[in-house]
Every structure is written in C-alpha cells, then in structure tokens.
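Shown next: work_16.txt, given as compact mmCIF, C-alpha atoms.
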# COMPACT_ATOMS: atom_id res chain seq x y z
CA MET A 175 0.00 0.00 0.00
CA PRO A 176 1.53 3.32 -1.04
CA ILE A 177 1.70 5.91 1.73
CA PRO A 178 -0.03 9.13 0.56
CA THR A 179 1.87 12.39 0.22
CA LEU A 180 0.11 15.55 1.44
CA THR A 181 1.08 19.08 0.56
CA THR A 182 0.31 22.31 2.42
CA SER A 183 1.45 25.86 1.69
CA ARG A 184 4.79 25.40 3.48
CA LEU A 185 5.06 21.64 4.16
CA ILE A 186 5.13 18.21 2.58
CA LEU A 187 3.91 15.21 4.55
CA ARG A 188 5.39 12.01 3.13
CA ALA A 189 6.41 8.46 4.04
CA HIS A 190 9.50 7.94 6.17
CA THR A 191 12.60 6.62 4.45
CA ALA A 192 15.65 5.03 6.05
CA ASP A 193 17.52 8.29 5.42
CA ASP A 194 15.13 10.13 7.76
CA PHE A 195 16.48 8.24 10.74
CA ALA A 196 19.41 10.61 11.33
CA SER A 197 17.14 13.64 11.78
CA TYR A 198 14.62 11.57 13.77
CA LEU A 199 17.39 10.45 16.12
CA ALA A 200 18.55 14.07 16.50
CA GLU A 201 15.01 15.05 17.58
CA ARG A 202 14.66 12.14 19.98
CA THR A 203 17.94 13.03 21.69
CA ASP A 204 17.10 16.73 22.05
CA PRO A 205 15.79 17.75 25.49
CA ALA A 206 13.74 20.57 23.94
CA VAL A 207 11.80 17.99 21.88
CA MET A 208 11.63 15.21 24.46
CA LYS A 209 10.65 17.31 27.47
CA TYR A 210 6.95 16.47 27.16
CA LEU A 211 7.11 13.15 25.30
CA GLY A 212 6.98 9.76 27.01
CA LYS A 213 8.84 9.90 30.31
CA GLY A 214 10.63 13.05 29.20
CA ASP A 215 13.84 11.04 28.81
CA LEU A 216 16.12 11.20 25.80
CA LEU A 217 16.07 8.04 23.72
CA THR A 218 19.04 5.84 22.96
CA GLU A 219 19.73 5.10 19.30
CA GLU A 220 18.20 1.64 19.80
CA GLU A 221 15.01 3.07 21.32
CA ALA A 222 14.71 5.73 18.64
CA TRP A 223 15.15 3.08 15.92
CA GLN A 224 12.39 1.00 17.51
CA LYS A 225 9.97 3.91 17.35
CA PHE A 226 11.14 4.86 13.88
CA THR A 227 10.66 1.38 12.39
CA SER A 228 7.19 1.14 13.90
CA MET A 229 5.95 4.06 11.77
CA PRO A 230 6.15 2.49 8.27
CA GLY A 231 5.05 -0.78 9.88
CA HIS A 232 1.87 0.85 11.12
CA TRP A 233 1.07 2.05 7.59
CA ALA A 234 1.79 -1.36 6.10
CA LEU A 235 -0.40 -3.21 8.59
CA VAL A 236 -3.39 -0.93 9.13
CA GLY A 237 -3.35 1.53 6.21
CA PHE A 238 -2.88 4.72 8.18
CA GLY A 239 -0.03 6.11 10.23
CA THR A 240 2.54 8.82 10.74
CA TRP A 241 4.19 10.97 8.10
CA SER A 242 7.55 12.71 7.97
CA VAL A 243 7.01 16.47 7.83
CA VAL A 244 9.31 18.23 5.38
CA GLU A 245 9.78 22.00 5.17
CA LYS A 246 9.28 22.87 1.49
CA GLU A 247 11.61 25.84 1.49
CA SER A 248 14.65 23.99 2.85
CA GLY A 249 13.76 20.42 1.88
CA ARG A 250 14.59 19.45 5.46
CA ARG A 251 12.65 16.87 7.43
CA ILE A 252 11.45 18.72 10.51
CA GLY A 253 9.26 16.23 12.35
CA ASN A 254 6.31 13.84 12.40
CA VAL A 255 2.56 14.03 12.33
CA GLY A 256 -0.09 11.37 11.94
CA PHE A 257 -2.55 8.89 13.36
CA THR A 258 -1.68 5.86 15.44
CA ASP A 259 -3.60 2.95 16.82
CA LYS A 260 -1.64 2.47 20.03
CA LYS A 261 -3.88 -0.24 21.44
CA ARG A 262 -3.99 1.57 24.73
CA PRO A 263 -5.73 -0.46 27.45
CA PRO A 264 -9.55 -0.15 27.37
CA GLU A 265 -9.62 1.86 30.61
CA HIS A 266 -7.53 4.64 29.02
CA PRO A 267 -9.77 7.51 27.86
CA ALA A 268 -7.93 7.66 24.50
CA SER A 269 -8.45 3.99 23.68
CA GLY A 270 -10.57 2.91 20.75
CA ALA A 271 -10.02 5.84 18.38
CA PRO A 272 -7.18 6.76 16.03
CA GLU A 273 -4.84 8.94 18.02
CA MET A 274 -3.26 11.97 16.46
CA GLY A 275 0.28 12.91 17.41
CA TRP A 276 2.92 15.40 16.31
CA ALA A 277 6.44 16.42 17.22
CA LEU A 278 8.78 18.84 15.51
CA ALA A 279 12.50 19.55 15.74
CA ALA A 280 13.23 22.47 18.07
CA SER A 281 14.43 24.59 15.12
CA ALA A 282 10.94 24.29 13.60
CA HIS A 283 9.02 25.31 16.73
CA GLY A 284 7.08 28.55 16.91
CA LYS A 285 6.28 28.91 13.20
CA GLY A 286 2.82 27.45 13.06
CA TYR A 287 4.15 24.34 11.30
CA ALA A 288 2.52 21.88 13.71
CA THR A 289 -0.86 23.54 13.24
CA GLU A 290 -0.42 23.42 9.45
CA ALA A 291 0.65 19.76 9.47
CA VAL A 292 -2.11 18.70 11.87
CA ALA A 293 -4.75 20.41 9.70
CA ALA A 294 -3.53 18.52 6.62
CA ALA A 295 -3.48 15.21 8.48
CA LEU A 296 -7.00 15.83 9.83
CA ASP A 297 -8.26 16.53 6.30
CA TRP A 298 -6.76 13.26 5.12
CA GLY A 299 -8.21 11.48 8.15
CA ARG A 300 -11.68 12.76 7.31
CA GLY A 301 -11.44 10.96 3.98
CA PHE A 302 -9.90 7.81 5.42
CA PHE A 303 -11.88 7.32 8.64
CA GLY A 304 -15.03 9.07 7.45
CA ARG A 305 -16.63 12.41 8.25
CA GLY A 306 -17.71 12.52 11.87
CA ALA A 307 -15.30 9.76 12.96
CA ARG A 308 -13.75 10.44 16.35
CA THR A 309 -10.05 11.10 16.81
CA VAL A 310 -8.16 11.77 20.03
CA CYS A 311 -4.84 13.15 21.19
CA VAL A 312 -2.97 12.94 24.49
CA ILE A 313 -0.75 15.83 25.60
CA SER A 314 1.36 16.47 28.68
CA THR A 315 -0.33 18.89 31.06
CA ASP A 316 2.65 21.28 30.88
CA ASN A 317 3.12 21.21 27.12
CA ALA A 318 1.64 24.66 26.46
CA ALA A 319 2.73 24.81 22.81
CA SER A 320 1.08 21.51 21.86
CA LEU A 321 -2.02 22.31 23.91
CA ARG A 322 -2.41 25.43 21.76
CA VAL A 323 -1.98 23.39 18.57
CA ALA A 324 -4.70 20.99 19.73
CA GLU A 325 -7.09 23.81 20.52
CA LYS A 326 -6.45 25.52 17.18
CA ALA A 327 -7.13 22.20 15.46
CA GLY A 328 -10.54 22.00 17.11
CA PHE A 329 -9.74 19.37 19.74
CA LYS A 330 -11.69 19.59 23.01
CA GLN A 331 -10.32 18.27 26.27
CA PHE A 332 -12.60 15.63 27.79
CA ALA A 333 -10.45 13.60 30.19
CA THR A 334 -7.18 13.35 32.04
CA ALA A 335 -4.75 10.49 32.35
CA THR A 336 -1.39 9.71 33.86
CA ARG A 337 1.56 7.98 32.27
CA TYR A 338 4.86 7.30 34.02
CA GLY A 339 3.39 9.29 36.93
CA LEU A 340 3.07 12.38 34.70
CA GLY A 341 -0.17 14.23 33.99
CA ARG A 342 -1.80 14.11 30.56
CA LEU A 343 -4.77 15.89 29.06
CA VAL A 344 -6.89 13.87 26.65
CA PHE A 345 -8.63 15.59 23.75
CA GLU A 346 -11.13 14.53 21.14
CA ARG A 347 -12.77 15.90 18.04
CA GLU A 348 -14.90 14.68 15.20
CA LEU A 349 -13.33 14.60 11.77
CA MET B 7 7.65 -3.75 -0.35
CA ASP B 8 6.59 -7.32 -0.97
CA ILE B 9 8.03 -9.62 1.65
CA PRO B 10 9.32 -12.82 0.03
CA VAL B 11 7.78 -16.17 0.89
CA ILE B 12 10.14 -19.01 1.82
CA GLU B 13 9.02 -22.61 1.85
CA THR B 14 10.78 -25.43 3.71
CA GLU B 15 9.78 -29.05 4.18
CA ARG B 16 7.36 -28.37 7.04
CA LEU B 17 7.12 -24.59 7.19
CA ILE B 18 6.15 -21.49 5.28
CA LEU B 19 7.82 -18.19 6.11
CA ARG B 20 5.82 -15.14 5.03
CA GLY B 21 5.33 -11.52 5.99
CA HIS B 22 3.13 -10.67 8.98
CA THR B 23 -0.37 -9.36 8.47
CA VAL B 24 -2.55 -7.62 11.02
CA GLU B 25 -4.49 -10.90 11.48
CA ASP B 26 -1.30 -12.41 12.97
CA PHE B 27 -1.37 -10.01 15.90
CA PRO B 28 -3.43 -12.17 18.31
CA SER B 29 -0.95 -15.04 17.90
CA TYR B 30 1.97 -12.60 18.16
CA ALA B 31 0.63 -11.06 21.38
CA ALA B 32 -0.03 -14.56 22.76
CA MET B 33 3.60 -15.54 22.25
CA TRP B 34 4.93 -12.37 23.82
CA ARG B 35 2.80 -12.67 26.95
CA GLU B 36 4.02 -16.25 27.49
CA PRO B 37 6.61 -16.32 30.31
CA VAL B 38 8.14 -19.54 28.90
CA VAL B 39 9.05 -17.52 25.81
CA THR B 40 9.94 -14.15 27.28
CA ARG B 41 12.13 -15.42 30.13
CA PHE B 42 14.98 -15.72 27.62
CA ILE B 43 14.04 -12.96 25.16
CA GLY B 44 13.16 -9.65 26.70
CA GLY B 45 12.74 -10.85 30.27
CA ALA B 46 9.11 -10.05 30.99
CA PRO B 47 5.75 -10.76 29.32
CA LEU B 48 4.48 -7.86 27.18
CA SER B 49 1.17 -6.05 27.54
CA GLU B 50 -1.00 -5.91 24.43
CA GLU B 51 0.07 -2.30 23.93
CA ASP B 52 3.78 -3.15 24.12
CA ALA B 53 3.36 -6.22 21.91
CA TRP B 54 1.59 -4.06 19.31
CA ALA B 55 4.44 -1.53 19.32
CA LYS B 56 6.88 -4.39 18.73
CA PHE B 57 4.66 -5.96 16.07
CA MET B 58 4.56 -2.69 14.09
CA ARG B 59 8.35 -2.68 13.99
CA LEU B 60 8.45 -6.01 12.16
CA ALA B 61 6.63 -4.64 9.14
CA GLY B 62 8.44 -1.30 9.27
CA HIS B 63 11.84 -2.97 9.27
CA TRP B 64 11.04 -4.63 5.94
CA ALA B 65 9.70 -1.39 4.48
CA LEU B 66 12.81 0.57 5.46
CA LEU B 67 15.61 -1.93 4.94
CA GLY B 68 14.27 -4.66 2.65
CA PHE B 69 14.85 -7.45 5.14
CA GLY B 70 13.33 -8.39 8.45
CA PHE B 71 11.30 -10.97 10.33
CA TRP B 72 8.91 -13.52 8.85
CA ALA B 73 5.91 -15.21 10.39
CA ILE B 74 6.55 -18.97 10.64
CA VAL B 75 3.54 -21.03 9.60
CA GLU B 76 3.29 -24.77 10.18
CA LYS B 77 2.21 -26.32 6.90
CA SER B 78 0.30 -29.21 8.43
CA SER B 79 -1.94 -27.01 10.59
CA GLY B 80 -1.79 -23.69 8.73
CA LYS B 81 -1.09 -22.06 12.10
CA ARG B 82 1.39 -19.28 12.80
CA ILE B 83 3.79 -20.80 15.30
CA GLY B 84 6.39 -18.09 15.69
CA GLU B 85 8.72 -15.69 13.99
CA ALA B 86 12.27 -15.55 12.74
CA GLY B 87 14.37 -13.38 10.51
CA ILE B 88 17.19 -10.94 10.04
CA LEU B 89 17.37 -7.64 11.88
CA ASP B 90 19.33 -4.47 12.28
CA VAL B 91 18.10 -3.19 15.63
CA LYS B 92 21.03 -0.92 16.56
CA ARG B 93 21.42 -2.59 19.94
CA ASP B 94 22.81 -0.54 22.77
CA MET B 95 25.52 -3.10 23.45
CA VAL B 96 29.30 -3.45 23.69
CA PRO B 97 30.76 -4.81 21.49
CA SER B 98 28.43 -3.25 18.94
CA PHE B 99 27.55 -5.12 15.76
CA HIS B 100 25.66 -2.32 14.00
CA GLY B 101 25.23 -3.13 10.34
CA VAL B 102 25.92 -6.86 10.75
CA PRO B 103 22.86 -9.00 9.90
CA GLU B 104 21.48 -10.37 13.16
CA ILE B 105 19.43 -13.55 13.07
CA GLY B 106 16.64 -14.02 15.60
CA TRP B 107 13.84 -16.48 16.27
CA GLY B 108 11.04 -17.17 18.71
CA LEU B 109 8.40 -19.91 18.70
CA LEU B 110 5.22 -20.50 20.65
CA PRO B 111 5.75 -23.13 23.38
CA SER B 112 3.44 -25.58 21.57
CA ALA B 113 5.90 -25.59 18.65
CA HIS B 114 9.03 -26.11 20.74
CA GLY B 115 11.06 -29.33 20.53
CA LYS B 116 10.23 -30.24 16.93
CA GLY B 117 13.23 -28.84 15.11
CA TYR B 118 11.11 -26.07 13.62
CA ALA B 119 13.43 -23.27 14.72
CA THR B 120 16.41 -25.02 13.13
CA GLU B 121 14.46 -25.56 9.91
CA ALA B 122 13.34 -21.93 9.73
CA VAL B 123 16.71 -20.44 10.66
CA ARG B 124 18.59 -22.57 8.10
CA ALA B 125 16.30 -21.28 5.36
CA ILE B 126 16.71 -17.70 6.58
CA ILE B 127 20.50 -17.91 6.63
CA ALA B 128 20.40 -19.22 3.06
CA TRP B 129 18.14 -16.30 2.07
CA GLY B 130 20.49 -13.91 3.89
CA GLU B 131 23.48 -15.29 2.00
CA ARG B 132 21.70 -14.60 -1.28
CA ARG B 133 20.75 -11.10 -0.10
CA PHE B 134 24.02 -10.02 1.55
CA GLY B 135 26.58 -12.52 0.30
CA LYS B 136 28.51 -14.81 2.60
CA VAL B 137 29.04 -12.13 5.23
CA ARG B 138 29.44 -12.54 8.97
CA MET B 139 26.10 -12.99 10.73
CA VAL B 140 25.43 -12.80 14.44
CA CYS B 141 22.83 -13.75 17.00
CA ILE B 142 22.48 -13.11 20.72
CA ILE B 143 21.23 -15.71 23.17
CA ALA B 144 20.82 -15.75 26.95
CA PRO B 145 23.31 -18.23 28.50
CA GLN B 146 20.52 -20.26 30.13
CA ASN B 147 18.56 -20.57 26.85
CA THR B 148 19.85 -24.07 26.08
CA PRO B 149 17.29 -24.89 23.34
CA SER B 150 18.22 -21.79 21.31
CA LEU B 151 21.93 -22.36 21.86
CA ARG B 152 21.44 -25.81 20.33
CA VAL B 153 19.59 -24.31 17.36
CA ALA B 154 22.42 -21.82 16.86
CA GLU B 155 25.05 -24.55 17.03
CA ARG B 156 23.20 -26.73 14.49
CA VAL B 157 22.94 -23.95 11.93
CA GLY B 158 26.61 -22.98 12.21
CA PHE B 159 26.85 -20.27 14.87
CA ARG B 160 29.86 -20.33 17.22
CA GLU B 161 30.31 -18.35 20.42
CA GLU B 162 32.13 -15.10 19.78
CA THR B 163 32.01 -13.38 23.15
CA ARG B 164 29.99 -12.85 26.31
CA THR B 165 28.71 -9.48 27.40
CA THR B 166 25.64 -7.92 28.98
CA TYR B 167 22.54 -6.49 27.34
CA LYS B 168 19.99 -4.48 29.32
CA GLY B 169 21.82 -5.54 32.46
CA GLU B 170 21.60 -9.28 31.77
CA PRO B 171 24.33 -11.68 30.64
CA ILE B 172 24.20 -12.48 26.94
CA ILE B 173 26.24 -14.55 24.49
CA ILE B 174 27.08 -13.14 21.07
CA LEU B 175 27.45 -15.90 18.52
CA GLN B 176 28.58 -15.57 14.94
CA ILE B 177 28.81 -17.47 11.73
CA PRO B 178 32.45 -16.66 11.08
CA ARG B 179 33.57 -15.79 7.55
Please lay out the structure from this file as structure tokens.
Amino acid sequence: MPIPTLTTSRLILRAHTADDFASYLAERTDPAVMKYLGKGDLLTEEEAWQKFTSMPGHWALVGFGTWSVVEKESGRRIGNVGFTDKKRPPEHPASGAPEMGWALAASAHGKGYATEAVAAALDWGRGFFGRGARTVCVISTDNAASLRVAEKAGFKQFATATRYGLGRLVFEREL
Amino acid sequence: MDIPVIETERLILRGHTVEDFPSYAAMWREPVVTRFIGGAPLSEEDAWAKFMRLAGHWALLGFGFWAIVEKSSGKRIGEAGILDVKRDMVPSFHGVPEIGWGLLPSAHGKGYATEAVRAIIAWGERRFGKVRMVCIIAPQNTPSLRVAERVGFREETRTTYKGEPIIILQIPR
C-alpha cells in the first residue's frame, strides 16, 4: 500500500525513508523535543530506531499512520505528524479511536508548522476514517505549545490520564 | 515492499499481516518464551508496538522478520528473521545482519526453529553474500543455543545487554 503524500502551503507530509532516521534520532535526543514526550527522557539510538521502524510498519499493517514532515523551502525533514492505533488499554480515555500525534525539531518550533501539518493530516483522516469519525490526542499537562496546537485544530479536552506518573490531558474531536 | 515467501519441508515463512497479531501477542505474553528474550511478558500495547516494527523494518531496509507457519496445521507458530536493531551493546555489531527467532511453546522441541533459521540464513546469504552474521542468546537458553550450534553459529564473546548476561554468537567468515 503506497503511503499518501500531502502538501500544504509550506510543508510536505510524506512516508518515512531510512535516510530520515538521522534527523529523527537528532530530535529524539534533544531535550527541547523530548521534554513532554513519554517519560521526558532522551532516547538511545536503539530506542529511537524502535519507534522509527514502527511508523512504516503501522502504515503497512493498518493503512494509516505517521508521516515525515518536510519543510518545502529547505527540503529538510522537521518532524512527524499522523494517526496511530496504540492499542492503549480499554480503561484509558484515549483507547478505541485513532490517536493523532505530532512532534517537531526544536528549530521548527514557533512557526505554526505543527498547526499546518495537523490540519492537513485531519483533512486526510476525514477521507480515510469518514466524516464525523472520532479522533483523540494525548498531551502532557505542561506542554503549552502543543495544547495550543490541539485547541487551534478544534480538539476539546474531555479527560485526564497519567503515564509514568506524569499528567496528561486527553482531547477529542470529530473529523 | 513485498516480503518474500520461503518454503521449507514443514514450514512457510511469510510476511506478517494484522491478522497475525493475536498469535503474536499470545507468544509475547508467554513467560516460557519471554524469560529468555526480553525478560518479561508484554502487555498488548507493548506487543503491538513491537509488532509494528516487524513490518516497518522490511519497508525501510528490505529485510526483516517472517511469520513462521506450520504447513500441516496452517497455524502461525512463531517468527524468525534478520534484523538491524542498533542494539545498545558493547561490542556493537551495528550493520551486521542479526538472526533471531522465537516460537510459541506448543511448537518447541520439533526442530522447527532449526528448519526456519537454516532457510533464513540461506536467504540472507543470497541477499548479503557470505558475510558474517550474528545472533544473541541468553546463557541459560539451552534450546536456542542448540539451534544456533546446528545452523553454524559459534560463540564469539559474552557481554551484557539491558543488564543481563548475553552470548554473542557468529557465523564466522
């Protein structure tokens, strides 16, 4: 199954290639990126590779997934956006719906890129999952920048959760 | 990419599909299996994350793990293949094809792992040439050490991985 390419005014969302791993690893070892992701710890190369290989695998197995986000102007890969089925346990408020996620390299923060990428992914998701289908996202309580992105994208907070002892806000919206 | 299908006398090796996940998750929550590979049974969420990686590895690198299907029953009985997982380990063998295998307990003791791994090494030799290949096995995992021995692996060194003792074996070239 070919992974679709999406284009916005400033970005290209495309499938990951093996060459993207170097920039992905740089993000996953940058405290400014990792501060609000997972436990907040930097990943080892092995851990980053595990997460990286899971992304094309998700596409291959279930037909949707996470894209590489490329800045048109520079041609640089600047992050990820997409939908994941994480198979969270049924008691988690985000279980049972495709979960949107995004993360950008620190150098690409503060430019509205996440909002632009999320909007494109949501448009694609509306076609794939169907208009009115529910999608969710889970964001660290202190991650003010991503909380703003979620709000701008029309997500509404409906629950809280904890992971690794850290607070999360859980959002939903209809596509 | 299309994952090649390999046929042996009693087995078919093919790419994983999403329908294989229940059997995959069952293997990875089985303490008899995980005591030697990974240490602890996996939750469904963790097994899913691992399962995704199998397909992604093929898509990115053009080699990876196959599902092992028993011809006589049509059942998926385990997995085996060739990986580059960039292990956080000294000595490092980044870039060297690493062979791995794992079978459901009901399929243990029948020579299936040996049969699958032999076919995979042969495929690997066609793909990479007769290069050095490695595998890692916990010292107490006697059944897998026997499989490794039978297919031509020899102990290279002992080290630790994730805090546990591990043997690195290689097919020397």
* For region 45-57 of chain B, list every protein, DNA or RNA residue within 7 Å, evaluated using all atoms listed in the file, and leave out those in the same chain fewer than 3 positions away; present the list as number ranges by chain. => A: 228, 260-262; B: 31, 34-37, 40-42, 60
Counting all atoms listed in the file, which residues come within 8 Å of (7.4, -17.5, 15.9), with the point read in the file's coordinates, and could you list them as a PDB file with C-alpha atoms, in the coordinates of the input?
ATOM      1  CA  TYR B  30       1.970 -12.600  18.160  1.00  0.00           C
ATOM      2  CA  MET B  33       3.600 -15.540  22.250  1.00  0.00           C
ATOM      3  CA  ALA B  73       5.910 -15.210  10.390  1.00  0.00           C
ATOM      4  CA  ILE B  74       6.550 -18.970  10.640  1.00  0.00           C
ATOM      5  CA  ARG B  82       1.390 -19.280  12.800  1.00  0.00           C
ATOM      6  CA  ILE B  83       3.790 -20.800  15.300  1.00  0.00           C
ATOM      7  CA  GLY B  84       6.390 -18.090  15.690  1.00  0.00           C
ATOM      8  CA  GLU B  85       8.720 -15.690  13.990  1.00  0.00           C
ATOM      9  CA  ALA B  86      12.270 -15.550  12.740  1.00  0.00           C
ATOM     10  CA  TRP B 107      13.840 -16.480  16.270  1.00  0.00           C
ATOM     11  CA  GLY B 108      11.040 -17.170  18.710  1.00  0.00           C
ATOM     12  CA  LEU B 109       8.400 -19.910  18.700  1.00  0.00           C
ATOM     13  CA  LEU B 110       5.220 -20.500  20.650  1.00  0.00           C
TER      14      LEU B 110
END
* To do: Could you jot down the CA of Arg16 (chain B) to CA of Lys77 (chain B) separation for me, Å, one decimal place?
  => 5.5 Å
* Length of the CA of Pro178 (chain B) to CA of Arg160 (chain B) vector [Å] ->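 Computing it gives 7.6 Å between the two atoms.
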* To do: Residues of chain B no more than 12 Å from chain A, counting only C-alpha atoms: send them over as number ranges by chain.
  => B: 7-9, 21-27, 31, 49-68, 70-71, 89-95, 98, 100, 167-168
* Asked: For Phe329 (chain A), which residue among A:Ser269, A:Thr289, A:Asn254, A:Ser242 is the nearest when counting only C-alpha atoms?
  ->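 Smallest distance to Phe329 (chain A) is found for A:Thr289.
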* **One-decimal distance in Å that lies between CA of Leu187 (chain A) and CA of Tyr287 (chain A)** => 11.4 Å
Around all of region 175-188 of chain A's listed atoms, make the axis-aligned box with 3 Å on each side and tell me centre and edge lengths in Å to one decimal, as JSON.
{"center_x": 2.7, "center_y": 12.9, "center_z": 1.8, "size_x": 11.4, "size_y": 31.9, "size_z": 11.6}
* **Spatial neighbours of Gly270 (chain A), max dist 12 Å, all atoms listed in the file, sep filter under 2 positions, as a VMD selection string** => chain A and resid 258 to 268 272 to 273 307 to 311 346
* To do: Find the residues near Pro145 (chain B): any atom within 12 Å, counting all atoms listed in the file, skip ones fewer than 3 places away on the same chain, and give them as a list in words.
  =>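 Near neighbours after the sequence-gap exclusion: Arg41, Phe42, Ile43, Ile142, Thr148, Pro149, Ser150, Leu151, Arg152, Glu161, Thr163, Arg164, Thr165, Thr166, Tyr167, Glu170, Pro171, Ile172, Ile173, Ile174 and Leu175 of chain B.
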* Step by step: start from the point (3.3, -17.2, 4.5) in the file's coordinates, keep every protein, DNA or RNA residue that has an atom no farther than 7 Å from it, count all atoms listed in the file, and write the set as an MDAnalysis selection string. => chainID B and resid 11 18:21 73 75
* To do: Identify, on the basis of all atoms listed in the file, every residue whose closest approach to Met139 (chain B) does not exceed 9 Å; exclude the query and any residue fewer than 4 positions from it along the same chain; express the result as a ChimeraX atom specification.
  => /B:102-105,127,130,159,175-179
* Using all atoms listed in the file, determine which residues lie at most 9 Å from Gly253 (chain A), disregarding the query and same-chain residues fewer than 3 positions distant; provide the list as number ranges by chain. => A: 197-198, 201, 241-244, 276-279, 282, 288
Can you sort out region 297-305 of chain A so it carries all heavy atoms, written as a short mmCIF file (atom, residue, chain, number, x, y, z; two decimals), keeping the file's coordinate frame?
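Saved the output as part15.cif:
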data_model
loop_
_atom_site.label_atom_id
_atom_site.label_comp_id
_atom_site.auth_asym_id
_atom_site.auth_seq_id
_atom_site.Cartn_x
_atom_site.Cartn_y
_atom_site.Cartn_z
N ASP A 297 -7.51 16.59 7.57
CA ASP A 297 -8.26 16.53 6.30
C ASP A 297 -8.16 15.15 5.68
O ASP A 297 -9.16 14.60 5.20
CB ASP A 297 -7.69 17.56 5.30
CG ASP A 297 -8.20 18.96 5.57
OD1 ASP A 297 -9.19 19.08 6.35
OD2 ASP A 297 -7.61 19.91 5.03
N TRP A 298 -6.95 14.61 5.68
CA TRP A 298 -6.76 13.26 5.12
C TRP A 298 -7.56 12.24 5.95
O TRP A 298 -8.22 11.36 5.41
CB TRP A 298 -5.27 12.90 5.11
CG TRP A 298 -5.04 11.53 4.56
CD1 TRP A 298 -4.86 11.20 3.25
CD2 TRP A 298 -4.99 10.30 5.31
NE1 TRP A 298 -4.70 9.84 3.14
CE2 TRP A 298 -4.78 9.26 4.38
CE3 TRP A 298 -5.11 9.97 6.66
CZ2 TRP A 298 -4.68 7.91 4.76
CZ3 TRP A 298 -5.02 8.64 7.04
CH2 TRP A 298 -4.80 7.63 6.09
N GLY A 299 -7.52 12.42 7.26
CA GLY A 299 -8.21 11.48 8.15
C GLY A 299 -9.71 11.49 7.93
O GLY A 299 -10.37 10.45 8.04
N ARG A 300 -10.24 12.66 7.58
CA ARG A 300 -11.68 12.76 7.31
C ARG A 300 -12.05 11.86 6.14
O ARG A 300 -13.08 11.19 6.16
CB ARG A 300 -12.05 14.22 7.03
CG ARG A 300 -13.53 14.51 7.04
CD ARG A 300 -13.80 16.02 6.98
NE ARG A 300 -13.20 16.69 8.11
CZ ARG A 300 -12.20 17.58 8.03
NH1 ARG A 300 -11.69 17.94 6.86
NH2 ARG A 300 -11.70 18.13 9.12
N GLY A 301 -11.19 11.84 5.13
CA GLY A 301 -11.44 10.96 3.98
C GLY A 301 -11.25 9.50 4.34
O GLY A 301 -12.01 8.64 3.91
N PHE A 302 -10.24 9.20 5.14
CA PHE A 302 -9.90 7.81 5.42
C PHE A 302 -10.85 7.19 6.46
O PHE A 302 -11.35 6.08 6.28
CB PHE A 302 -8.45 7.71 5.91
CG PHE A 302 -8.00 6.29 6.15
CD1 PHE A 302 -7.55 5.51 5.09
CD2 PHE A 302 -8.06 5.72 7.41
CE1 PHE A 302 -7.15 4.19 5.30
CE2 PHE A 302 -7.66 4.40 7.62
CZ PHE A 302 -7.21 3.64 6.56
N PHE A 303 -11.07 7.89 7.55
CA PHE A 303 -11.88 7.32 8.64
C PHE A 303 -13.37 7.65 8.49
O PHE A 303 -14.22 7.03 9.12
CB PHE A 303 -11.40 7.84 10.01
CG PHE A 303 -9.98 7.48 10.33
CD1 PHE A 303 -8.97 8.43 10.31
CD2 PHE A 303 -9.63 6.17 10.64
CE1 PHE A 303 -7.66 8.09 10.59
CE2 PHE A 303 -8.33 5.82 10.93
CZ PHE A 303 -7.33 6.78 10.90
N GLY A 304 -13.64 8.68 7.68
CA GLY A 304 -15.03 9.07 7.45
C GLY A 304 -15.39 10.34 8.22
O GLY A 304 -14.93 10.55 9.34
N ARG A 305 -16.19 11.17 7.59
CA ARG A 305 -16.63 12.41 8.25
C ARG A 305 -17.38 12.07 9.52
O ARG A 305 -18.21 11.16 9.53
CB ARG A 305 -17.53 13.20 7.28
CG ARG A 305 -18.02 14.53 7.81
CD ARG A 305 -18.75 15.32 6.73
NE ARG A 305 -17.86 15.78 5.67
CZ ARG A 305 -17.14 16.90 5.75
NH1 ARG A 305 -17.20 17.67 6.82
NH2 ARG A 305 -16.35 17.25 4.76
#
